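Visitor: Sharing a structure here in structure tokens format.
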Amino acid sequence: MQVSVAYLILSDIHANLEALEAVLADAKGLYDTILCLGDVVGYGADPNAACEWMRANAAATVRGNHDRAACGLEDLRYFNPVARTSAIWTREELTEENLDWLRTLPQGPLVMDGKRKPFALVHGSPADEDEYLIESADARMFSGSLDQQVTFFGHTHVQGGFLLARGVASRISPQTAVQFEPDYFYLINPGSIGQPRDGDPRAAYAIYSPENQAAEYRRVAYDIRGAAEKIHDAGLPGFLASRLYEGV
Ligand code: ZN
């Protein structure tokens, strides 16, 4: 008998422990394997706790641009001033063990065997870990070139994604669960745990069930004030705290 597997898909945690803890409480019992699409650190005030939790619990993590920045693999000249300030703060805050772990994170795409059929994990896009898939036109570029039917991506901090069908890309509404249909390809963004930017300040994540061929988008309220106060206390730019309340 095949054991059913469900994946908890996490992305863009950004060292927000309050948001991560709320997601884990909300998702309890719904999954047995944890996968992470990167940006474990950067912006938030708990980079060590976020790394340690991910190291201990995630079956696989692909690196994000903020993970590279924190461990010295990224030229900070290309970061905006707020991101650069937080990357430098994060680098100084992280333990050697966590810096080493960040340096070893693989670049996506990472192909998971998925029990029933393989699927892919990327941070930005299937072609470029730093590319933002924002518009349908961005996603349409991948029509006809994907080896896996389902790719999970992050980086934009916008829950949703795209359906690719016969050369056309259409946006997937995160209001609903997505049922994967044969012959179509899917780019699925679970949204950001620690710094949502789609106007909904609640932490975002997804559950993927290969058995049901479905992904469910989920949101959960968390202690934004607690996360924001830690950002202030750390001396990080105030915008990183205030934006959490708005989800922008
Ligand atoms: Zn991010």
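We name chains A, B, ... following the order of the structure tokens; residues begin at 1 in each chain, and ligands are numbered from 1 as shown.
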When DSSP works through the backbone of this structure, what residues of range 127-179 of chain A end up as strand (DSSP E or B), shown as a ChimeraX atom specification?
Guide: /A:150-152,160-165,168-171,178-179
Visitor: Neighbours of ligand 1 at 8 Å or closer, counting only C-alpha atoms and all ligand atoms: which residues, as number ranges by chain?
Guide: A: 11-14, 38-39, 42, 64-66, 154-157, 192, 195
Visitor: The selected residues should be written to file as an mmCIF file, in the first residue's frame (atoms: N, CA and C atoms).
Guide:
```
data_model
loop_
_atom_site.group_PDB
_atom_site.id
_atom_site.type_symbol
_atom_site.label_atom_id
_atom_site.label_comp_id
_atom_site.auth_asym_id
_atom_site.auth_seq_id
_atom_site.Cartn_x
_atom_site.Cartn_y
_atom_site.Cartn_z
ATOM 1 N N SER A 11 7.934 29.443 1.824
ATOM 2 C CA SER A 11 8.827 30.312 1.068
ATOM 3 C C SER A 11 8.971 31.657 1.765
ATOM 4 N N ASP A 12 10.130 32.294 1.538
ATOM 5 C CA ASP A 12 10.327 33.680 1.979
ATOM 6 C C ASP A 12 9.935 33.882 3.450
ATOM 7 N N ILE A 13 10.603 33.123 4.281
ATOM 8 C CA ILE A 13 10.359 33.192 5.722
ATOM 9 C C ILE A 13 10.918 34.505 6.282
ATOM 10 N N HIS A 14 12.061 34.891 5.744
ATOM 11 C CA HIS A 14 12.671 36.181 6.107
ATOM 12 C C HIS A 14 12.800 36.395 7.614
ATOM 13 N N GLY A 38 13.325 29.038 -0.202
ATOM 14 C CA GLY A 38 14.405 30.008 -0.019
ATOM 15 C C GLY A 38 13.996 31.324 0.604
ATOM 16 N N ASP A 39 15.015 32.163 0.826
ATOM 17 C CA ASP A 39 14.892 33.378 1.635
ATOM 18 C C ASP A 39 14.436 33.022 3.057
ATOM 19 N N GLY A 42 16.993 37.366 6.162
ATOM 20 C CA GLY A 42 16.920 38.689 5.548
ATOM 21 C C GLY A 42 15.644 39.385 5.968
ATOM 22 N N GLY A 64 17.682 31.330 -1.609
ATOM 23 C CA GLY A 64 17.136 32.560 -2.165
ATOM 24 C C GLY A 64 18.222 33.622 -2.223
ATOM 25 N N ASN A 65 17.913 34.746 -2.852
ATOM 26 C CA ASN A 65 18.909 35.812 -2.978
ATOM 27 C C ASN A 65 19.313 36.375 -1.619
ATOM 28 N N HIS A 66 18.363 36.427 -0.665
ATOM 29 C CA HIS A 66 18.724 36.931 0.669
ATOM 30 C C HIS A 66 19.564 35.929 1.454
ATOM 31 N N GLY A 154 8.906 31.089 -5.427
ATOM 32 C CA GLY A 154 8.641 32.153 -4.453
ATOM 33 C C GLY A 154 9.149 33.477 -4.987
ATOM 34 N N HIS A 155 9.863 34.217 -4.142
ATOM 35 C CA HIS A 155 10.610 35.418 -4.528
ATOM 36 C C HIS A 155 9.745 36.672 -4.666
ATOM 37 N N THR A 156 8.522 36.556 -5.212
ATOM 38 C CA THR A 156 7.679 37.751 -5.389
ATOM 39 C C THR A 156 6.885 38.080 -4.129
ATOM 40 N N HIS A 157 6.745 37.120 -3.217
ATOM 41 C CA HIS A 157 5.954 37.307 -2.001
ATOM 42 C C HIS A 157 4.474 37.521 -2.314
ATOM 43 N N SER A 192 4.491 34.389 0.775
ATOM 44 C CA SER A 192 5.568 34.570 1.745
ATOM 45 C C SER A 192 5.079 34.348 3.166
ATOM 46 N N GLN A 195 6.972 38.007 5.060
ATOM 47 C CA GLN A 195 6.815 39.387 4.585
ATOM 48 C C GLN A 195 5.896 39.400 3.353
#
```
Visitor: If you run DSSP over the backbone, which residues in range 11-132 of chain A end up alpha helix (DSSP H)? Put them as a PDB file with C-alpha atoms, in the first residue's frame.
Guide:
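Saved result, out35.pdb, follows:
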```
ATOM      1  CA  LEU A  17       9.727  33.436  13.701  1.00  0.00           C
ATOM      2  CA  GLU A  18       6.279  34.610  14.808  1.00  0.00           C
ATOM      3  CA  ALA A  19       4.910  34.015  11.300  1.00  0.00           C
ATOM      4  CA  LEU A  20       6.654  30.643  10.951  1.00  0.00           C
ATOM      5  CA  GLU A  21       5.287  29.412  14.282  1.00  0.00           C
ATOM      6  CA  ALA A  22       1.747  30.454  13.335  1.00  0.00           C
ATOM      7  CA  VAL A  23       2.007  28.586  10.035  1.00  0.00           C
ATOM      8  CA  LEU A  24       3.242  25.432  11.754  1.00  0.00           C
ATOM      9  CA  ALA A  25       0.369  25.548  14.229  1.00  0.00           C
ATOM     10  CA  ASP A  26      -2.141  26.132  11.429  1.00  0.00           C
ATOM     11  CA  ALA A  27      -0.723  23.335   9.239  1.00  0.00           C
ATOM     12  CA  PRO A  47      17.786  34.662  11.396  1.00  0.00           C
ATOM     13  CA  ASN A  48      19.434  32.060  13.639  1.00  0.00           C
ATOM     14  CA  ALA A  49      16.162  30.585  14.854  1.00  0.00           C
ATOM     15  CA  ALA A  50      14.805  30.462  11.296  1.00  0.00           C
ATOM     16  CA  CYS A  51      17.942  28.689  10.008  1.00  0.00           C
ATOM     17  CA  GLU A  52      18.035  26.254  12.891  1.00  0.00           C
ATOM     18  CA  TRP A  53      14.403  25.322  12.473  1.00  0.00           C
ATOM     19  CA  MET A  54      14.785  24.835   8.720  1.00  0.00           C
ATOM     20  CA  ARG A  55      18.016  22.854   9.097  1.00  0.00           C
ATOM     21  CA  ALA A  56      16.312  20.504  11.532  1.00  0.00           C
ATOM     22  CA  ASN A  57      12.976  20.126   9.797  1.00  0.00           C
ATOM     23  CA  ASN A  65      18.909  35.812  -2.978  1.00  0.00           C
ATOM     24  CA  HIS A  66      18.724  36.931   0.669  1.00  0.00           C
ATOM     25  CA  ASP A  67      20.259  33.639   1.791  1.00  0.00           C
ATOM     26  CA  ARG A  68      23.150  34.261  -0.608  1.00  0.00           C
ATOM     27  CA  ALA A  69      23.473  37.845   0.602  1.00  0.00           C
ATOM     28  CA  ALA A  70      23.620  36.841   4.247  1.00  0.00           C
ATOM     29  CA  PRO A  81      19.632  50.286   0.834  1.00  0.00           C
ATOM     30  CA  VAL A  82      17.092  48.684   3.194  1.00  0.00           C
ATOM     31  CA  ALA A  83      17.847  45.171   1.927  1.00  0.00           C
ATOM     32  CA  ARG A  84      21.592  45.853   2.122  1.00  0.00           C
ATOM     33  CA  THR A  85      21.358  47.117   5.705  1.00  0.00           C
ATOM     34  CA  SER A  86      19.384  44.052   6.733  1.00  0.00           C
ATOM     35  CA  ALA A  87      21.767  41.691   4.885  1.00  0.00           C
ATOM     36  CA  ILE A  88      24.769  43.138   6.711  1.00  0.00           C
ATOM     37  CA  TRP A  89      22.968  42.970  10.056  1.00  0.00           C
ATOM     38  CA  THR A  90      21.932  39.368   9.332  1.00  0.00           C
ATOM     39  CA  ARG A  91      25.465  38.339   8.371  1.00  0.00           C
ATOM     40  CA  GLU A  92      26.823  39.689  11.650  1.00  0.00           C
ATOM     41  CA  GLU A  93      24.053  38.058  13.645  1.00  0.00           C
ATOM     42  CA  GLU A  96      29.150  30.139  11.865  1.00  0.00           C
ATOM     43  CA  GLU A  97      27.076  26.953  11.661  1.00  0.00           C
ATOM     44  CA  ASN A  98      24.147  28.789  10.128  1.00  0.00           C
ATOM     45  CA  LEU A  99      26.378  30.719   7.714  1.00  0.00           C
ATOM     46  CA  ASP A 100      27.905  27.404   6.614  1.00  0.00           C
ATOM     47  CA  TRP A 101      24.471  25.877   6.138  1.00  0.00           C
ATOM     48  CA  LEU A 102      23.328  28.839   4.003  1.00  0.00           C
ATOM     49  CA  ARG A 103      26.459  28.487   1.831  1.00  0.00           C
ATOM     50  CA  THR A 104      25.632  24.846   1.103  1.00  0.00           C
TER      51      THR A 104
END
```
Visitor: Measure the distance from CA of Pro190 in chain A to CA of Met112 in chain A in Å and round it to one decimal.
Guide: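 Those two atoms sit 16.7 Å apart.
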Visitor: Residues near Leu105 in chain A, anyone? I mean within 8 Å using only C-alpha atoms, not counting same-chain ones fewer than 5 positions away, as a ChimeraX atom specification.
Guide: /A:61-63
Visitor: Between CA of Tyr205 in chain A and CA of Ile9 in chain A, measure the distance and give it in Å to one decimal.
Guide: 6.1 Å
Visitor: Pick out the closest residue to Ala203 in chain A from this set: A:Leu236, A:Val5, A:Val220, A:Leu133. Count only C-alpha atoms.
Guide: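 Ranked by minimum distance to Ala203 in chain A, first place goes to A:Val220.
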Visitor: Could you give me, as a tab-separated table, every range 96-125 of chain A residue with an atom at most 12 Å from range 146-151 of chain A, plus its closest atom pair and distance in Å to one decimal, counting only C-alpha atoms, rows ordered by chain then number?
Guide:
```
residue	atom	partner	partner_atom	distance
A:Gly108	CA	A:Thr151	CA	10.5
A:Pro109	CA	A:Thr151	CA	8.6
A:Leu110	CA	A:Thr151	CA	9.5
A:Val111	CA	A:Gln148	CA	8.3
A:Met112	CA	A:Gln148	CA	9.7
A:Asp113	CA	A:Gln148	CA	10.3
A:Gly114	CA	A:Val150	CA	10.3
A:Arg116	CA	A:Gln149	CA	11.8
A:Lys117	CA	A:Gln148	CA	8.2
A:Pro118	CA	A:Gln148	CA	6.2
A:Phe119	CA	A:Val150	CA	5.2
A:Ala120	CA	A:Thr151	CA	4.5
A:Leu121	CA	A:Thr151	CA	5.8
A:Val122	CA	A:Thr151	CA	7.2
A:His123	CA	A:Thr151	CA	10.1
A:Gly124	CA	A:Thr151	CA	10.7
A:Ser125	CA	A:Thr151	CA	8.9
```
Visitor: Write the selection just made, keeping N, CA, C and O atoms, as a PDB file, in the first residue's frame?
Guide:
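Result written to part29.pdb:
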```pdb
ATOM      1  N   GLY A 108      18.131  26.315  -7.164  1.00  0.00           N
ATOM      2  CA  GLY A 108      17.088  25.616  -7.897  1.00  0.00           C
ATOM      3  C   GLY A 108      17.378  25.657  -9.398  1.00  0.00           C
ATOM      4  O   GLY A 108      18.275  26.386  -9.810  1.00  0.00           O
ATOM      5  N   PRO A 109      16.632  24.933 -10.210  1.00  0.00           N
ATOM      6  CA  PRO A 109      15.567  24.022  -9.811  1.00  0.00           C
ATOM      7  C   PRO A 109      16.101  22.761  -9.116  1.00  0.00           C
ATOM      8  O   PRO A 109      17.098  22.208  -9.523  1.00  0.00           O
ATOM      9  N   LEU A 110      15.371  22.393  -8.076  1.00  0.00           N
ATOM     10  CA  LEU A 110      15.628  21.144  -7.379  1.00  0.00           C
ATOM     11  C   LEU A 110      14.430  20.241  -7.700  1.00  0.00           C
ATOM     12  O   LEU A 110      13.293  20.623  -7.449  1.00  0.00           O
ATOM     13  N   VAL A 111      14.714  19.078  -8.273  1.00  0.00           N
ATOM     14  CA  VAL A 111      13.620  18.187  -8.659  1.00  0.00           C
ATOM     15  C   VAL A 111      13.398  17.156  -7.565  1.00  0.00           C
ATOM     16  O   VAL A 111      14.330  16.460  -7.156  1.00  0.00           O
ATOM     17  N   MET A 112      12.173  17.101  -7.082  1.00  0.00           N
ATOM     18  CA  MET A 112      11.790  16.148  -6.035  1.00  0.00           C
ATOM     19  C   MET A 112      11.120  14.945  -6.696  1.00  0.00           C
ATOM     20  O   MET A 112      10.373  15.119  -7.664  1.00  0.00           O
ATOM     21  N   ASP A 113      11.329  13.760  -6.147  1.00  0.00           N
ATOM     22  CA  ASP A 113      10.743  12.589  -6.828  1.00  0.00           C
ATOM     23  C   ASP A 113       9.229  12.553  -6.679  1.00  0.00           C
ATOM     24  O   ASP A 113       8.524  12.057  -7.548  1.00  0.00           O
ATOM     25  N   GLY A 114       8.725  13.115  -5.570  1.00  0.00           N
ATOM     26  CA  GLY A 114       7.290  13.349  -5.464  1.00  0.00           C
ATOM     27  C   GLY A 114       6.435  12.110  -5.337  1.00  0.00           C
ATOM     28  O   GLY A 114       5.214  12.210  -5.423  1.00  0.00           O
ATOM     29  N   ARG A 116       4.668  10.122  -6.723  1.00  0.00           N
ATOM     30  CA  ARG A 116       3.865   9.768  -7.900  1.00  0.00           C
ATOM     31  C   ARG A 116       4.496  10.321  -9.172  1.00  0.00           C
ATOM     32  O   ARG A 116       4.640   9.626 -10.157  1.00  0.00           O
ATOM     33  N   LYS A 117       4.831  11.600  -9.153  1.00  0.00           N
ATOM     34  CA  LYS A 117       5.569  12.155 -10.280  1.00  0.00           C
ATOM     35  C   LYS A 117       6.444  13.300  -9.804  1.00  0.00           C
ATOM     36  O   LYS A 117       6.111  13.998  -8.843  1.00  0.00           O
ATOM     37  N   PRO A 118       7.581  13.521 -10.480  1.00  0.00           N
ATOM     38  CA  PRO A 118       8.511  14.547 -10.017  1.00  0.00           C
ATOM     39  C   PRO A 118       7.914  15.953 -10.125  1.00  0.00           C
ATOM     40  O   PRO A 118       7.084  16.225 -10.993  1.00  0.00           O
ATOM     41  N   PHE A 119       8.349  16.815  -9.237  1.00  0.00           N
ATOM     42  CA  PHE A 119       7.990  18.234  -9.313  1.00  0.00           C
ATOM     43  C   PHE A 119       9.226  19.039  -8.934  1.00  0.00           C
ATOM     44  O   PHE A 119      10.209  18.483  -8.432  1.00  0.00           O
ATOM     45  N   ALA A 120       9.188  20.345  -9.197  1.00  0.00           N
ATOM     46  CA  ALA A 120      10.395  21.157  -9.048  1.00  0.00           C
ATOM     47  C   ALA A 120      10.211  22.273  -8.030  1.00  0.00           C
ATOM     48  O   ALA A 120       9.108  22.804  -7.853  1.00  0.00           O
ATOM     49  N   LEU A 121      11.329  22.614  -7.375  1.00  0.00           N
ATOM     50  CA  LEU A 121      11.381  23.750  -6.446  1.00  0.00           C
ATOM     51  C   LEU A 121      12.356  24.778  -7.001  1.00  0.00           C
ATOM     52  O   LEU A 121      13.493  24.434  -7.339  1.00  0.00           O
ATOM     53  N   VAL A 122      11.936  26.046  -7.077  1.00  0.00           N
ATOM     54  CA  VAL A 122      12.843  27.128  -7.480  1.00  0.00           C
ATOM     55  C   VAL A 122      12.573  28.314  -6.560  1.00  0.00           C
ATOM     56  O   VAL A 122      11.505  28.403  -5.950  1.00  0.00           O
ATOM     57  N   HIS A 123      13.540  29.231  -6.487  1.00  0.00           N
ATOM     58  CA  HIS A 123      13.270  30.461  -5.740  1.00  0.00           C
ATOM     59  C   HIS A 123      12.589  31.487  -6.648  1.00  0.00           C
ATOM     60  O   HIS A 123      11.492  31.951  -6.357  1.00  0.00           O
ATOM     61  N   GLY A 124      13.218  31.837  -7.760  1.00  0.00           N
ATOM     62  CA  GLY A 124      12.672  32.867  -8.643  1.00  0.00           C
ATOM     63  C   GLY A 124      11.873  32.287  -9.790  1.00  0.00           C
ATOM     64  O   GLY A 124      10.645  32.342  -9.806  1.00  0.00           O
ATOM     65  N   SER A 125      12.573  31.713 -10.772  1.00  0.00           N
ATOM     66  CA  SER A 125      11.891  31.094 -11.910  1.00  0.00           C
ATOM     67  C   SER A 125      12.656  29.827 -12.291  1.00  0.00           C
ATOM     68  O   SER A 125      13.785  29.623 -11.847  1.00  0.00           O
TER      69      SER A 125
END
```
Visitor: Can you measure CA of Leu187 in chain A to CA of Leu35 in chain A for me? One decimal in Å is fine.
Guide: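 A separation of 15.6 Å between them.
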